[in-house]
Amino acid sequence: MITVENLTKTFPGSTGQVRALDGVNLDVAAGTVLGVVGPSGAGKSTLARCVALLERPDSGAIRVDGTDLVSLGGSALRAARRQIGVVPQGDSLLRQRTAAGNVALPLESAGVPGPQRRTRVAELLDLVGLTDKAGSYPDQLSGGQRQRVAVARALAASPSVLLADEPTSALDPETTGSVLTVLDRARAELGVTVLVVTHDMGVVRRICDDVAVLEGGRVVEHGKVLDLVSDAASRTAASLLPAVDQNPAVERSYDRVADVVLVGFAAVGALLPEATSRFGVELNLLGGGLTRLGETPVARFRVGLNGERADSALEWITEAGGAVRRTPTGPQGVAA
Amino acid sequence: MRKATPWSTVFDYLVTATGETLYMVAVSTLIATLLGIPVGVWLQLTAPGGLRPRPLLHKLLGFVVDLGRAMPFLVLLVLLTSLTRLVIGQSIGPTAAIVPLSVGAIPFVGRLVQNVLSEVHVSVVEAAVTTGATTTRIVRSVLLRESLPALINAIGVTAIALLGYSAMAGVLGGGGLGDLAVRLGYQRFDDRVLWSTVAVLAVIATLIQFAFNRAARAVDRRRHASV
Ligand SMILES: Nc1ncnc2c1ncn2[C@@H]1O[C@H](COP(=O)(O)OP(=O)(O)OP(=O)(O)O)[C@@H](O)[C@H]1O
Ligand SMILES: [Mg+2]
């Protein structure tokens, strides 16, 4: 759906050129949500602005449905922009227009006639749950409500792509939830492909199918969230999964200690008890916990095992789909 | 010491002069607004970071505008005499004064408008850009509409400035309150005429300020708006 190919963008800086994007490649499948994360200055906003066609990259291509949008100009560029709904960073609503008036703006740009415009505006305000605020001005809305109006506006002209730069950065957790729900509905009910820039792993956990990590203008990790969490080498996994506390004193009393990542209802619910009964081992949870990635429950536990067949139990868990990483803090090195 | 002009005569003078002044100010404010807004829009569009950045053109335009603003009004009045005669057919009287007043105020309005438009937040403008709106639409629906309250205030400021300049133009044959104050009041030492003219000018300035403030607030939809 969206393909970013070898995107490069440099800015003139005080100490020479700043390479904000350095050969970025990304792929977002139709109807999925990609989260772009990374440290401050990594180039996330620059990427978002390039995809929003607000910034022209030095080289590379941005394809939506196969068409390269980078070199477009004039009315072709304006038409391309209508395919991409944008929720810009920060306050971007017209303060002299009502919520409904703001949502109508892209429809005016697209030349949609009045009666159709009003119907569409009503649909979108309903989608974001703000039907009763249609006549309110931005200054009469809360931060979360304003952001939902911005999402409704971005979706008004039925774009195939929705782009949001830090849509929840200024919001409290509860309000963040309401905005994420709206983004999720956009994908589920309108089939929009979403690219969301965020520094909040909670956003990735809640709505992202895929995640890309940007660092120094390069993509250093890119994949499905559910795959990455089971990948021991993934840096994203650590920040997506529940933390485990170190407790060397307790861990020393076990034959084996390992971190186990379990994905899905079945695995989270049944895998560990089954391993216990199959191999006749004692298996205790020492730390970690449960979280949700989208609708999928995911657990990371630190487990301690006692018993002759502890290794077999761990192997079996791996075969059954759990990701097992033995921790060097345990005494297994001695036992083996 | 001459005898003071009788109040009834002062009153007649004031009515005529006030009419002339209001006529000069109203028409020149209107013309300066109509021509100054495009200048301001153009300045803002071509500015670095504007919708159509053209650094060189912007600098040139800014230079001309600032030159116009720096030009002493009296010099402009004299310089434009022949233009005035060409447009109006004569170079004295209230109608003739409108030409230099309008021309002098255009760069003034241009700068004020540019300042006002530059206050519209970048993210608001970019949001409109991403909707695929044309520049014309963005200027109309976003830049001008978002800053309408401030624009109305700017026009109020212009009207009051033109009230002052119209007095100056009046002295050079434009008629109006300035002419009355100087010729009958000051030069003939008629304090009654002088001070009543000043009082009327003060009242007009206050009323203009009040009216534009009210209008600006009436169209403002932001918080604290008293609609
Ligand atoms: N318009 C610009 N002019 C000059 N340098 C810029 C410009 N925009 C971005 N940069 C530089 O490009 C780099 C990437 O910036 P960008 O805003 O994309 O980072 P980011 O990942 O969004 O960071 P944050 O998480 O803080 O928002 C930074 O070094 C920044 O200083
Ligand atoms: Mg950013």
# chains A, B, ... in the order shown; residues from 1 in each chain; ligands from 1
>>> interface_residues(of="chain A", to="chain B", cutoff="10 Å", atoms="only C-alpha atoms", output="PyMOL selection string")
chain A and resi 49+52-54+74-98+102+105-111+136-140+150+153-157+159
>>> select_by_dssp(residues="segment 68-314 of chain A", states="strand (DSSP E or B)", output="PyMOL selection string")
chain A and resi 68+84-87+161-165+193-197+210-215+218-224+256-263+282-293+296-306
>>> atom_distance(atom1="atom CA of Ala70 of chain B", atom2="atom CA of Tyr23 of chain B")
25.4 Å
>>> residues_around(residues="Ile106 of chain B", least_positions_apart="3", cutoff="6 Å", atoms="only C-alpha atoms", output="JSON, numbers by chain")
{"B": [32, 36, 103, 109, 110]}
>>> residues_around(residues="Val281 of chain A", least_positions_apart="2", cutoff="8 Å", atoms="only C-alpha atoms", output="PyMOL selection string")
chain A and resi 275-277+279+283+305-310+313
>>> residues_near_ligand(ligand="ligand 2", cutoff="10 Å", atoms="only C-alpha atoms and all ligand atoms", output="PDB file with N, CA and C atoms, in the first residue's frame")
ATOM      1  N   VAL A  37       8.893   4.442  15.581  1.00  0.00           N
ATOM      2  CA  VAL A  37       9.409   4.904  16.865  1.00  0.00           C
ATOM      3  C   VAL A  37      10.890   5.203  16.715  1.00  0.00           C
ATOM      4  N   GLY A  38      11.474   5.744  17.768  1.00  0.00           N
ATOM      5  CA  GLY A  38      12.894   6.056  17.718  1.00  0.00           C
ATOM      6  C   GLY A  38      13.192   7.254  18.587  1.00  0.00           C
ATOM      7  N   PRO A  39      14.461   7.448  18.910  1.00  0.00           N
ATOM      8  CA  PRO A  39      14.828   8.552  19.799  1.00  0.00           C
ATOM      9  C   PRO A  39      14.584   9.913  19.147  1.00  0.00           C
ATOM     10  N   SER A  40      14.592  10.949  19.956  1.00  0.00           N
ATOM     11  CA  SER A  40      14.398  12.309  19.461  1.00  0.00           C
ATOM     12  C   SER A  40      15.480  12.643  18.437  1.00  0.00           C
ATOM     13  N   GLY A  41      15.078  13.252  17.336  1.00  0.00           N
ATOM     14  CA  GLY A  41      16.030  13.623  16.300  1.00  0.00           C
ATOM     15  C   GLY A  41      16.342  12.495  15.334  1.00  0.00           C
ATOM     16  N   ALA A  42      15.650  11.374  15.465  1.00  0.00           N
ATOM     17  CA  ALA A  42      15.926  10.213  14.623  1.00  0.00           C
ATOM     18  C   ALA A  42      15.458  10.432  13.187  1.00  0.00           C
ATOM     19  N   GLY A  43      14.538  11.386  12.985  1.00  0.00           N
ATOM     20  CA  GLY A  43      14.036  11.648  11.644  1.00  0.00           C
ATOM     21  C   GLY A  43      12.590  11.222  11.458  1.00  0.00           C
ATOM     22  N   LYS A  44      11.914  10.910  12.554  1.00  0.00           N
ATOM     23  CA  LYS A  44      10.530  10.425  12.465  1.00  0.00           C
ATOM     24  C   LYS A  44       9.613  11.462  11.825  1.00  0.00           C
ATOM     25  N   SER A  45       9.689  12.693  12.331  1.00  0.00           N
ATOM     26  CA  SER A  45       8.821  13.730  11.781  1.00  0.00           C
ATOM     27  C   SER A  45       9.183  14.040  10.335  1.00  0.00           C
ATOM     28  N   THR A  46      10.469  14.020  10.039  1.00  0.00           N
ATOM     29  CA  THR A  46      10.894  14.279   8.667  1.00  0.00           C
ATOM     30  C   THR A  46      10.298  13.221   7.738  1.00  0.00           C
ATOM     31  N   LEU A  47      10.327  11.967   8.180  1.00  0.00           N
ATOM     32  CA  LEU A  47       9.725  10.890   7.390  1.00  0.00           C
ATOM     33  C   LEU A  47       8.231  11.144   7.204  1.00  0.00           C
ATOM     34  N   ALA A  48       7.559  11.471   8.310  1.00  0.00           N
ATOM     35  CA  ALA A  48       6.118  11.724   8.234  1.00  0.00           C
ATOM     36  C   ALA A  48       5.829  12.889   7.291  1.00  0.00           C
ATOM     37  N   ARG A  49       6.635  13.950   7.375  1.00  0.00           N
ATOM     38  CA  ARG A  49       6.406  15.126   6.525  1.00  0.00           C
ATOM     39  C   ARG A  49       6.661  14.797   5.052  1.00  0.00           C
ATOM     40  N   GLN A  89       1.394  17.200  13.740  1.00  0.00           N
ATOM     41  CA  GLN A  89       1.842  17.299  15.122  1.00  0.00           C
ATOM     42  C   GLN A  89       1.303  18.605  15.705  1.00  0.00           C
ATOM     43  N   ASP A 165       1.387  12.220  13.251  1.00  0.00           N
ATOM     44  CA  ASP A 165       2.669  12.476  13.917  1.00  0.00           C
ATOM     45  C   ASP A 165       2.399  12.802  15.381  1.00  0.00           C
ATOM     46  N   GLU A 166       2.810  11.914  16.259  1.00  0.00           N
ATOM     47  CA  GLU A 166       2.627  12.093  17.693  1.00  0.00           C
ATOM     48  C   GLU A 166       1.197  12.522  18.034  1.00  0.00           C
ATOM     49  N   VAL A 197       3.527   8.065  13.932  1.00  0.00           N
ATOM     50  CA  VAL A 197       4.810   8.347  14.563  1.00  0.00           C
ATOM     51  C   VAL A 197       4.565   8.538  16.045  1.00  0.00           C
ATOM     52  N   THR A 198       5.367   7.888  16.871  1.00  0.00           N
ATOM     53  CA  THR A 198       5.133   8.029  18.309  1.00  0.00           C
ATOM     54  C   THR A 198       6.400   7.735  19.087  1.00  0.00           C
ATOM     55  N   HIS A 199       6.466   8.276  20.293  1.00  0.00           N
ATOM     56  CA  HIS A 199       7.571   7.876  21.167  1.00  0.00           C
ATOM     57  C   HIS A 199       7.012   7.016  22.298  1.00  0.00           C
TER      58      HIS A 199
END
>>> closest_residue(among="A:Val128, A:Ala104, A:Val33, A:Leu214", to="ligand 1", atoms="only C-alpha atoms and all ligand atoms")
A:Leu214
>>> select_by_dssp(residues="segment 46-92 of chain B", states="helix (DSSP H, G or I)", output="number ranges by chain")
B: 46, 55-70, 73-79, 81-88
>>> atom_distance(atom1="atom CA of Phe265 of chain A", atom2="atom CA of Gly304 of chain A")
22.0 Å
>>> atom_distance(atom1="atom CA of Gly164 of chain B", atom2="atom CA of Gly178 of chain B")
8.3 Å
>>> closest_residue(among="A:Val257, A:Leu293, A:Ile317, A:Ala237", to="Glu274 of chain A", atoms="only C-alpha atoms")
A:Ile317
